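Dumped data-v2.txt below, it's compact mmCIF, C-alpha atoms:
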# COMPACT_ATOMS: atom_id res chain seq x y z
CA MET B 1 -2.10 37.04 -39.13
CA THR B 2 -0.45 38.71 -36.14
CA ALA B 3 0.90 42.18 -36.81
CA LEU B 4 4.68 42.26 -36.93
CA PRO B 5 6.44 44.19 -34.16
CA ASP B 6 8.22 47.30 -35.42
CA SER B 7 10.11 48.02 -32.20
CA LEU B 8 11.30 46.27 -29.05
CA THR B 9 10.73 47.39 -25.46
CA LEU B 10 13.11 46.17 -22.75
CA GLY B 11 12.08 47.81 -19.51
CA SER B 12 12.73 51.53 -19.98
CA LEU B 13 14.73 50.93 -23.18
CA ARG B 14 13.05 51.19 -26.58
CA VAL B 15 14.79 49.79 -29.67
CA ASP B 16 13.49 51.13 -32.98
CA THR B 17 13.72 47.76 -34.73
CA PRO B 18 13.14 44.43 -32.90
CA VAL B 19 16.57 43.13 -33.88
CA VAL B 20 19.57 42.37 -31.65
CA LEU B 21 23.12 41.73 -32.87
CA ALA B 22 24.39 38.71 -30.94
CA PRO B 23 27.74 39.20 -29.23
CA MET B 24 30.45 37.27 -31.07
CA ALA B 25 33.98 37.00 -29.70
CA GLY B 26 36.50 38.84 -31.88
CA ILE B 27 33.72 40.12 -34.16
CA THR B 28 31.28 42.50 -32.46
CA ASN B 29 33.81 45.11 -31.40
CA ALA B 30 33.04 48.84 -31.52
CA ALA B 31 33.98 49.12 -35.20
CA TYR B 32 31.69 46.30 -36.32
CA ARG B 33 28.81 47.56 -34.17
CA ARG B 34 29.21 51.00 -35.74
CA LEU B 35 29.27 49.48 -39.24
CA CYS B 36 26.05 47.55 -38.57
CA ALA B 37 24.35 50.52 -36.92
CA GLU B 38 25.08 52.60 -40.03
CA GLN B 39 22.87 50.14 -41.92
CA GLY B 40 19.80 50.20 -39.71
CA ALA B 41 18.41 50.47 -36.20
CA GLY B 42 18.78 47.65 -33.72
CA LEU B 43 20.43 46.77 -30.42
CA TYR B 44 24.13 46.13 -30.99
CA VAL B 45 25.74 44.17 -28.16
CA CYS B 46 29.42 44.37 -27.20
CA GLU B 47 31.56 41.23 -27.14
CA MET B 48 30.97 39.10 -24.06
CA ILE B 49 33.07 39.97 -21.01
CA THR B 50 33.49 38.17 -17.69
CA SER B 51 32.16 39.50 -14.42
CA ARG B 52 35.31 38.47 -12.57
CA GLY B 53 37.53 40.13 -15.17
CA LEU B 54 35.60 43.37 -14.80
CA VAL B 55 35.49 43.36 -11.00
CA GLU B 56 39.19 42.46 -10.71
CA ARG B 57 40.12 45.11 -13.31
CA ASP B 58 41.58 42.64 -15.79
CA GLU B 59 43.25 44.68 -18.55
CA THR B 60 41.96 42.53 -21.43
CA THR B 61 38.39 42.86 -20.16
CA ARG B 62 38.67 46.62 -19.80
CA LYS B 63 40.05 46.96 -23.34
CA MET B 64 36.99 45.18 -24.70
CA LEU B 65 34.69 47.77 -23.14
CA VAL B 66 35.26 50.31 -25.89
CA PHE B 67 32.34 52.14 -27.48
CA ASP B 68 32.10 54.17 -30.64
CA ASP B 69 31.43 57.91 -30.24
CA LEU B 70 28.14 57.52 -32.11
CA GLU B 71 27.00 54.51 -30.07
CA THR B 72 23.85 55.92 -28.47
CA THR B 73 22.85 52.77 -26.55
CA ARG B 74 25.66 50.92 -24.83
CA SER B 75 24.84 47.23 -24.50
CA VAL B 76 27.11 44.59 -22.93
CA GLN B 77 26.87 40.83 -22.52
CA LEU B 78 28.21 39.55 -19.22
CA TYR B 79 29.34 36.04 -18.34
CA GLY B 80 29.76 34.64 -14.86
CA THR B 81 28.87 31.92 -12.38
CA ASP B 82 29.07 33.80 -9.07
CA PRO B 83 25.98 35.85 -8.09
CA VAL B 84 28.03 38.34 -6.02
CA TYR B 85 30.55 38.97 -8.80
CA ILE B 86 27.73 39.33 -11.34
CA GLY B 87 26.02 41.92 -9.15
CA LYS B 88 29.24 43.90 -8.67
CA ALA B 89 30.01 43.74 -12.41
CA VAL B 90 26.54 45.00 -13.35
CA GLU B 91 26.95 47.94 -10.99
CA ILE B 92 30.34 48.81 -12.52
CA LEU B 93 28.87 48.67 -16.03
CA CYS B 94 25.99 50.97 -15.06
CA ALA B 95 27.93 53.39 -12.86
CA ASP B 96 31.29 53.64 -14.63
CA PHE B 97 30.58 52.80 -18.28
CA GLY B 98 27.13 54.29 -18.86
CA VAL B 99 25.75 50.98 -20.08
CA ALA B 100 22.03 51.06 -20.92
CA HIS B 101 21.42 47.30 -21.26
CA VAL B 102 23.05 44.23 -19.72
CA ASP B 103 22.57 40.74 -21.17
CA LEU B 104 23.65 37.64 -19.23
CA ASN B 105 25.08 34.68 -21.17
CA PHE B 106 23.70 31.27 -20.28
CA GLY B 107 24.08 29.82 -23.75
CA CYS B 108 27.79 29.37 -24.46
CA PRO B 109 28.50 25.72 -25.50
CA VAL B 110 32.30 25.87 -25.35
CA PRO B 111 33.75 23.03 -23.19
CA LYS B 112 36.12 25.26 -21.21
CA VAL B 113 33.04 27.24 -20.10
CA THR B 114 30.61 24.37 -19.44
CA ARG B 115 33.35 22.43 -17.62
CA LYS B 116 33.10 25.08 -14.89
CA GLY B 117 29.32 25.07 -14.86
CA GLY B 118 29.05 28.29 -16.87
CA GLY B 119 27.29 29.30 -20.08
CA GLY B 120 24.80 26.75 -21.35
CA ALA B 121 25.46 24.43 -18.39
CA LEU B 122 24.37 26.86 -15.69
CA PRO B 123 20.56 26.82 -16.14
CA TRP B 124 20.56 23.18 -14.98
CA LYS B 125 21.08 24.68 -11.50
CA ARG B 126 17.75 26.47 -11.17
CA GLY B 127 18.50 27.92 -7.73
CA LEU B 128 21.88 29.29 -8.78
CA LEU B 129 20.36 30.79 -11.93
CA GLY B 130 17.75 32.56 -9.81
CA GLU B 131 20.42 33.90 -7.44
CA ILE B 132 22.49 35.29 -10.32
CA LEU B 133 19.50 36.97 -11.93
CA GLU B 134 18.36 38.45 -8.60
CA HIS B 135 21.80 39.99 -7.96
CA ALA B 136 22.01 41.35 -11.52
CA VAL B 137 18.54 42.91 -11.45
CA ALA B 138 19.09 44.39 -7.97
CA ALA B 139 22.34 46.03 -9.12
CA ALA B 140 20.81 47.42 -12.33
CA THR B 141 17.51 48.68 -10.90
CA PRO B 142 18.82 51.92 -9.30
CA TYR B 143 20.17 52.91 -12.72
CA ASP B 144 16.94 51.93 -14.54
CA VAL B 145 18.96 49.55 -16.73
CA PRO B 146 17.14 46.47 -18.08
CA VAL B 147 18.74 43.06 -17.61
CA THR B 148 18.07 40.31 -20.17
CA MET B 149 19.38 36.76 -20.49
CA LYS B 150 20.24 34.41 -23.33
CA THR B 151 20.02 30.66 -23.07
CA ARG B 152 19.67 27.45 -25.07
CA LYS B 153 17.03 24.71 -24.94
CA GLY B 154 19.09 22.74 -22.45
CA LEU B 155 22.12 20.51 -22.19
CA ASP B 156 20.65 17.93 -24.58
CA ASP B 157 17.20 16.60 -25.41
CA ASP B 158 17.11 14.66 -22.13
CA HIS B 159 18.05 17.67 -20.00
CA LEU B 160 15.95 20.61 -21.20
CA THR B 161 15.99 23.77 -19.08
CA TYR B 162 14.55 26.60 -21.16
CA LEU B 163 11.00 26.64 -19.75
CA ASP B 164 12.29 26.72 -16.17
CA ALA B 165 14.81 29.41 -17.19
CA GLY B 166 12.00 31.52 -18.63
CA ARG B 167 9.92 31.19 -15.47
CA ILE B 168 12.89 32.09 -13.26
CA ALA B 169 13.75 35.07 -15.49
CA GLN B 170 10.21 36.36 -15.18
CA GLU B 171 10.10 35.84 -11.40
CA THR B 172 13.39 37.70 -10.85
CA GLY B 173 12.49 40.80 -12.87
CA VAL B 174 14.47 40.09 -16.04
CA ALA B 175 13.19 42.27 -18.91
CA ALA B 176 13.39 39.64 -21.69
CA ILE B 177 14.82 36.22 -22.49
CA ALA B 178 16.51 35.20 -25.75
CA LEU B 179 16.38 31.55 -26.74
CA HIS B 180 18.81 29.92 -29.17
CA GLY B 181 16.80 26.99 -30.49
CA ARG B 182 19.61 24.47 -30.05
CA THR B 183 20.90 22.43 -27.14
CA VAL B 184 24.43 22.79 -25.78
CA VAL B 185 25.41 19.40 -27.24
CA GLN B 186 24.32 20.61 -30.71
CA ALA B 187 26.63 23.64 -30.51
CA TYR B 188 26.05 25.29 -33.95
CA SER B 189 25.18 22.14 -35.88
CA GLY B 190 21.85 21.01 -37.30
CA GLU B 191 18.77 23.19 -37.47
CA ALA B 192 17.41 25.51 -34.81
CA ASP B 193 14.16 24.40 -33.18
CA TRP B 194 11.76 27.31 -33.62
CA ASP B 195 8.96 25.30 -31.97
CA ALA B 196 10.86 25.60 -28.68
CA ILE B 197 10.86 29.39 -29.10
CA ALA B 198 7.08 29.30 -29.62
CA ALA B 199 6.69 27.11 -26.51
CA LEU B 200 8.65 29.62 -24.44
CA VAL B 201 6.53 32.50 -25.77
CA ASP B 202 3.43 30.63 -24.55
CA HIS B 203 5.09 29.88 -21.19
CA VAL B 204 6.10 33.40 -20.06
CA ASP B 205 4.72 36.93 -20.06
CA ILE B 206 8.05 38.71 -20.64
CA PRO B 207 9.31 39.30 -24.22
CA VAL B 208 11.01 36.32 -25.85
CA LEU B 209 13.65 36.90 -28.54
CA GLY B 210 14.28 34.12 -31.06
CA ASN B 211 17.78 33.11 -32.11
CA GLY B 212 19.01 30.55 -34.63
CA ASP B 213 19.09 30.19 -38.42
CA ILE B 214 18.26 33.76 -39.42
CA TRP B 215 20.22 34.11 -42.65
CA GLU B 216 17.93 36.61 -44.46
CA ALA B 217 15.36 39.22 -43.41
CA ALA B 218 12.60 36.87 -44.62
CA ASP B 219 13.78 34.28 -42.06
CA ALA B 220 13.35 36.83 -39.26
CA LEU B 221 9.78 37.61 -40.31
CA ARG B 222 8.97 33.92 -40.60
CA MET B 223 10.40 33.24 -37.14
CA VAL B 224 8.33 36.00 -35.55
CA GLU B 225 5.18 34.91 -37.37
CA GLN B 226 5.68 31.24 -36.44
CA THR B 227 6.69 31.73 -32.82
CA GLY B 228 5.15 34.99 -31.62
CA ALA B 229 8.60 36.18 -30.55
CA ALA B 230 8.95 39.88 -29.72
CA GLY B 231 12.08 40.14 -31.86
CA VAL B 232 15.10 38.30 -33.18
CA VAL B 233 18.77 37.86 -32.30
CA VAL B 234 21.11 37.66 -35.29
CA GLY B 235 24.58 36.17 -35.08
CA ARG B 236 26.37 34.31 -37.87
CA GLY B 237 23.92 35.52 -40.57
CA CYS B 238 25.49 38.98 -40.62
CA LEU B 239 29.10 37.84 -41.03
CA GLY B 240 30.41 39.59 -44.12
CA ARG B 241 26.93 41.06 -44.61
CA PRO B 242 26.38 44.08 -42.36
CA TRP B 243 23.68 45.24 -44.78
CA LEU B 244 21.46 42.46 -43.37
CA PHE B 245 20.48 45.01 -40.71
CA ARG B 246 19.23 47.36 -43.45
CA ASP B 247 17.08 44.53 -44.79
CA LEU B 248 15.83 43.65 -41.31
CA ALA B 249 14.90 47.26 -40.49
CA ALA B 250 13.01 47.53 -43.79
CA ALA B 251 11.24 44.20 -43.33
CA PHE B 252 9.99 44.95 -39.82
CA HIS B 253 8.70 48.33 -40.98
CA GLY B 254 6.77 46.83 -43.87
CA GLU B 255 9.13 47.84 -46.65
CA ASP B 256 10.24 45.44 -49.35
CA VAL B 257 14.02 45.56 -49.39
CA ALA B 258 16.40 42.70 -50.05
CA THR B 259 19.91 43.96 -50.64
CA LEU B 260 21.84 42.15 -53.38
CA PRO B 261 24.98 44.26 -53.61
CA THR B 262 27.39 44.06 -56.50
CA LEU B 263 30.98 43.22 -55.67
CA GLY B 264 31.70 46.93 -56.06
CA GLU B 265 29.30 47.76 -53.24
CA VAL B 266 30.76 44.95 -51.12
CA LYS B 267 34.25 46.39 -51.74
CA ALA B 268 33.05 49.76 -50.38
CA MET B 269 31.66 48.01 -47.29
CA MET B 270 34.93 46.13 -46.78
CA ARG B 271 36.88 49.39 -47.02
CA ARG B 272 34.57 51.08 -44.51
CA HIS B 273 34.93 48.15 -42.09
CA ALA B 274 38.73 48.23 -42.26
CA GLU B 275 38.71 52.01 -41.86
CA LEU B 276 36.57 51.80 -38.69
CA LEU B 277 38.79 49.07 -37.25
CA SER B 278 41.84 51.23 -37.96
CA GLU B 279 40.25 54.22 -36.23
CA HIS B 280 39.59 52.19 -33.10
CA MET B 281 42.74 50.05 -32.97
CA GLY B 282 45.36 51.74 -35.09
CA GLU B 283 45.90 50.90 -38.75
CA GLU B 284 48.19 47.88 -38.52
CA ARG B 285 46.19 46.06 -35.86
CA GLY B 286 42.89 47.12 -37.46
CA CYS B 287 43.91 45.65 -40.82
CA LYS B 288 45.03 42.43 -39.15
CA GLU B 289 41.68 42.21 -37.36
CA PHE B 290 39.94 42.76 -40.68
CA ARG B 291 41.57 39.70 -42.27
CA LYS B 292 39.17 37.23 -40.63
CA HIS B 293 36.20 38.95 -42.33
CA ILE B 294 37.49 38.68 -45.90
CA THR B 295 36.30 35.12 -46.57
CA TRP B 296 32.81 36.02 -45.37
CA TYR B 297 32.58 39.17 -47.50
CA LEU B 298 33.76 37.38 -50.65
CA LYS B 299 31.73 34.16 -50.14
CA GLY B 300 30.43 33.12 -53.56
CA PHE B 301 31.95 36.07 -55.44
CA PRO B 302 34.54 35.60 -58.19
CA ALA B 303 37.96 36.29 -56.69
CA GLY B 304 41.07 34.34 -57.57
CA GLY B 305 42.92 32.26 -55.01
CA GLU B 306 46.04 34.43 -55.16
CA LEU B 307 44.04 37.63 -54.59
CA ARG B 308 42.22 36.08 -51.64
CA HIS B 309 45.59 34.97 -50.26
CA GLN B 310 47.01 38.49 -50.56
CA LEU B 311 43.91 39.98 -48.90
CA ALA B 312 44.39 37.57 -46.01
CA LEU B 313 47.82 39.15 -45.39
CA VAL B 314 46.71 42.79 -45.65
CA ASP B 315 48.45 45.11 -43.17
CA SER B 316 47.58 48.64 -44.31
CA LEU B 317 44.65 50.52 -45.82
CA ALA B 318 46.82 51.45 -48.82
CA SER B 319 47.59 47.80 -49.60
CA LEU B 320 43.91 46.96 -49.08
CA ASP B 321 42.93 49.62 -51.63
CA VAL B 322 45.30 48.16 -54.22
CA LEU B 323 43.98 44.64 -53.69
CA LEU B 324 40.31 45.70 -53.73
CA ASP B 325 40.96 47.34 -57.10
CA GLY B 326 41.71 43.86 -58.40
CA LEU B 327 38.13 42.71 -57.76
CA ASP B 328 35.49 43.06 -60.50
CA GLY B 329 33.11 45.69 -59.15
CA ASP B 330 30.40 44.74 -61.65
CA ALA B 331 30.16 41.12 -60.48
CA PRO B 332 26.57 40.47 -59.30
CA PHE B 333 25.72 39.10 -55.89
CA PRO B 334 25.85 35.26 -55.91
CA GLU B 335 22.18 34.50 -55.27
CA ARG B 336 22.95 30.85 -54.53
CA GLU B 337 24.45 32.07 -51.23
CA LEU B 338 21.10 33.45 -50.04
CA GLY B 339 19.68 31.52 -47.11
CA THR B 340 22.80 29.43 -46.59
CA PRO B 341 24.61 29.09 -43.25
CA ARG B 342 27.61 31.30 -42.55
CA GLY B 343 30.36 31.06 -39.96
CA ARG B 344 30.98 28.10 -37.71
CA GLN B 345 28.74 25.04 -37.93
CA GLY B 346 30.63 21.86 -37.17
CA ALA B 347 29.28 18.62 -35.81
CA PRO B 348 27.34 18.10 -32.60
CA ARG B 349 29.48 17.39 -29.57
CA LYS B 350 29.67 13.80 -28.29
CA LYS B 351 28.64 15.05 -24.85
CA VAL B 352 28.50 18.21 -22.79
CA VAL B 353 31.59 18.61 -20.60
CA LEU B 354 30.29 19.29 -17.08
CA PRO B 355 31.74 19.49 -13.56
CA ASP B 356 31.68 16.19 -11.65
CA GLY B 357 28.25 15.46 -10.24
CA TRP B 358 26.67 18.49 -11.96
CA LEU B 359 23.52 16.61 -12.95
CA ASP B 360 22.93 15.21 -9.45
CA ASP B 361 21.35 18.40 -8.13
CA THR B 362 19.10 20.88 -9.93
CA ASP B 363 19.28 23.65 -7.31
CA GLY B 364 22.96 24.50 -7.02
CA ARG B 365 22.83 27.54 -4.78
CA GLY B 366 26.35 28.19 -3.51
CA SER B 367 27.86 25.62 -5.88
CA HIS B 368 29.41 27.84 -8.54
CA LEU B 369 32.96 27.27 -9.77
CA ARG B 370 35.35 30.16 -10.30
CA GLU B 371 35.44 31.29 -13.93
CA ASP B 372 38.53 32.54 -15.74
CA ALA B 373 38.90 36.31 -15.65
CA ASP B 374 39.64 36.49 -19.37
CA GLU B 375 36.97 34.09 -20.68
CA THR B 376 35.73 35.71 -23.91
CA THR B 377 33.81 33.17 -25.97
CA GLY B 378 30.13 33.72 -26.85
CA GLY B 379 27.25 31.48 -27.82

Conversion result in structure tokens:
Amino acid sequence: MTALPDSLTLGSLRVDTPVVLAPMAGITNAAYRRLCAEQGAGLYVCEMITSRGLVERDETTRKMLVFDDLETTRSVQLYGTDPVYIGKAVEILCADFGVAHVDLNFGCPVPKVTRKGGGGALPWKRGLLGEILEHAVAAATPYDVPVTMKTRKGLDDDHLTYLDAGRIAQETGVAAIALHGRTVVQAYSGEADWDAIAALVDHVDIPVLGNGDIWEAADALRMVEQTGAAGVVVGRGCLGRPWLFRDLAAAFHGEDVATLPTLGEVKAMMRRHAELLSEHMGEERGCKEFRKHITWYLKGFPAGGELRHQLALVDSLASLDVLLDGLDGDAPFPERELGTPRGRQGAPRKKVVLPDGWLDDTDGRGSHLREDADETTGG
């Protein structure tokens, strides 16, 4: 059996556990990244921002580039379709924000992104993909900052792009490629294809990170053993479960830890999360931001409908404390929730929404469409 990796090397950057927190819009802000980092080592990536928004000094984009004081490695995911804008944005991130790692998003399945040839649609244009990666790597190289990319298998099973994307990434000096084992048309439905991750590992010499259906630490180990991936990218599996990173760190270092917190321990984690959000955003906004996490934290635990309803309206830490007191701290973790999907799933899309004539040409140099400055979805 192949020895498990216990760290991840991306160019000059070393990550003490081969685990990456996937950027999730509205979730992976500075407070959540700090909360996860308190659990265990890993690479914690900021919410996705747009290259155009950054270059044109869009206020919303700038506000998203907030880092916690204890964030030792600043990592940002960048979205864009224009090689020149991408290059300029990478330079701004390195020069002005002290970013130590830039990831480029070519995996987003959202129609408003693919309609403009961005996200998961872009790798169909192999020439354009190469141009973008070349500009990004050239901008990052003087700062010794590694550039990575994330992609999906392809548009659908008839239009697969991931092997070409891996080759182009390697040729342009990209430090690693992450593959979500689903097509764009699948979105978050169905099961992730880990065989595709293994095929990409065999196809390239740069590190491949596997993404898709990692709900427990055991899933991460199984993925690495099955595919030969250099590490894993975790998204929906950590929603309401920041302690998953503690389990992952233990698992990759050969320790046997599977956290099954009581509701009392979950309450403490919820309080810490709301406190960090309040520190970064102010109490009222922080508590409002926290509301979306409540269902994930309490999934499977005994908590009455009225109490859940009140928690979903929480607007201060004091009111949160009163409501958390109403939960039974001795309630055991609902083991039936282990290994089950969390967050969005949904059905596969009927088709991928693409620009007119997008499939007619697989090169695409000079054919990018202008993205929105405030595009913030992930994928």

* 12 Å contact set for region 345-347 of chain B, all atoms listed in the file, chain neighbours under 5 positions out, as a list in words ->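 Residues meeting the cut-off are Val184, Val185, Gln186, Ala187, Tyr188, Ser189, Gly190, Glu191, Ala192, Gly212, Asp213, Arg236, Gly237 and Thr340 of chain B.
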
* Asked: Which residues, protein or nucleic acid, reach to within 12 Å of (29.0, 20.7, -19.5) in the file's coordinates when using only C-alpha atoms, and can you give that as a PyMOL selection string?
  -> chain B and resi 106-125+154-156+159+183-185+187+349-359

All residues 10 Å or closer to Leu21 (chain B), only C-alpha atoms, same chain fewer than 3 positions away omitted, as a PDB file with C-alpha atoms, in the frame of the given file:
ATOM      1  CA  MET B  24      30.450  37.270 -31.070  1.00  0.00           C
ATOM      2  CA  THR B  28      31.280  42.500 -32.460  1.00  0.00           C
ATOM      3  CA  ARG B  33      28.810  47.560 -34.170  1.00  0.00           C
ATOM      4  CA  CYS B  36      26.050  47.550 -38.570  1.00  0.00           C
ATOM      5  CA  ALA B  37      24.350  50.520 -36.920  1.00  0.00           C
ATOM      6  CA  GLY B  42      18.780  47.650 -33.720  1.00  0.00           C
ATOM      7  CA  LEU B  43      20.430  46.770 -30.420  1.00  0.00           C
ATOM      8  CA  TYR B  44      24.130  46.130 -30.990  1.00  0.00           C
ATOM      9  CA  VAL B  45      25.740  44.170 -28.160  1.00  0.00           C
ATOM     10  CA  CYS B  46      29.420  44.370 -27.200  1.00  0.00           C
ATOM     11  CA  VAL B 232      15.100  38.300 -33.180  1.00  0.00           C
ATOM     12  CA  VAL B 233      18.770  37.860 -32.300  1.00  0.00           C
ATOM     13  CA  VAL B 234      21.110  37.660 -35.290  1.00  0.00           C
ATOM     14  CA  GLY B 235      24.580  36.170 -35.080  1.00  0.00           C
ATOM     15  CA  ARG B 236      26.370  34.310 -37.870  1.00  0.00           C
ATOM     16  CA  GLY B 237      23.920  35.520 -40.570  1.00  0.00           C
ATOM     17  CA  CYS B 238      25.490  38.980 -40.620  1.00  0.00           C
ATOM     18  CA  PHE B 245      20.480  45.010 -40.710  1.00  0.00           C
TER      19      PHE B 245
END

* Asked: Which residue gives the smallest distance to Gly11 (chain B) among B:Leu311, B:Met223, B:Val145, B:Ala198, with all atoms listed in the file counted?
  ->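 Of all the options, B:Val145 lies closest to Gly11 (chain B).
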
* Structure fact -> Closest of B:Glu283, B:Glu306, B:Glu289, B:Asp360 to Asn29 (chain B), counting all atoms listed in the file, is B:Glu289

* Do you have the CA of Leu327 (chain B)-CA of Pro261 (chain B) distance handy? ->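 So the answer is 13.9 Å.
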
* Asked: Given the choices B:Gly366, B:Gly166, B:Gly286, B:Gly326, which gets closest to Ala199 (chain B) if the distance is worked out from only C-alpha atoms?
  ->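 Closest candidate: B:Gly166.
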
Emit as AutoDock Vina command-line options the padded axis-aligned box for all listed atoms of region 290-296 of chain B, 5 Å per side, with centre and edge lengths in Å to one decimal.
--center_x 37.2 --center_y 38.9 --center_z -43.6 --size_x 18.8 --size_y 17.6 --size_z 15.9

* Asked: Smallest atom-to-atom distance to Pro207 (chain B): which of B:Ile168, B:Leu10, B:Leu128, B:Ile86, using all atoms listed in the file?
  ->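 For Pro207 (chain B), the nearest of the candidates is B:Leu10.
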
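With all atoms listed in the file as the atoms that count, the residue of B:Leu129, B:Leu70, B:Ala138, B:Leu8 with the shortest distance to Lys88 (chain B) is B:Ala138.
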
* What gap, in Å, lies between CA of Ala229 (chain B) and CA of Thr141 (chain B)? -> 24.9 Å

* **Sphere at (21.6, 51.9, -12.2), radius 12 Å, counting all atoms listed in the file: residues as a PyMOL selection string** => chain B and resi 12+87-102+136-147

* **Separation of CA of Ile132 (chain B) from CA of Gly210 (chain B) in Å** =>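 CA of Gly210 (chain B) sits 22.3 Å away from CA of Ile132 (chain B).
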
* Using all atoms listed in the file, which of the listed residues (B:Leu163, B:Leu104, B:Ile294, B:Ala31) sits closest to His135 (chain B)? -> B:Leu104

* **Surrounding residues of region 264-275 of chain B excluding itself and chain neighbours under 4 positions, 6 Å, all atoms listed in the file, as a PyMOL selection string** => chain B and resi 287+290+329

* Exercise: Glu47 (chain B) partners within 10 Å, only C-alpha atoms, chain neighbours under 3 positions left out, as an NGL selection string -> :B and (22-30 or 33 or 44 or 61 or 64-66 or 75-78 or 376-378)

Atoms kept (C-alpha atoms) for selection, written as a compact mmCIF listing (two decimals), in the coordinates of the input:
# COMPACT_ATOMS: atom_id res chain seq x y z
CA ALA B 22 24.39 38.71 -30.94
CA PRO B 23 27.74 39.20 -29.23
CA MET B 24 30.45 37.27 -31.07
CA ALA B 25 33.98 37.00 -29.70
CA GLY B 26 36.50 38.84 -31.88
CA ILE B 27 33.72 40.12 -34.16
CA THR B 28 31.28 42.50 -32.46
CA ASN B 29 33.81 45.11 -31.40
CA ALA B 30 33.04 48.84 -31.52
CA ARG B 33 28.81 47.56 -34.17
CA TYR B 44 24.13 46.13 -30.99
CA THR B 61 38.39 42.86 -20.16
CA MET B 64 36.99 45.18 -24.70
CA LEU B 65 34.69 47.77 -23.14
CA VAL B 66 35.26 50.31 -25.89
CA SER B 75 24.84 47.23 -24.50
CA VAL B 76 27.11 44.59 -22.93
CA GLN B 77 26.87 40.83 -22.52
CA LEU B 78 28.21 39.55 -19.22
CA THR B 376 35.73 35.71 -23.91
CA THR B 377 33.81 33.17 -25.97
CA GLY B 378 30.13 33.72 -26.85
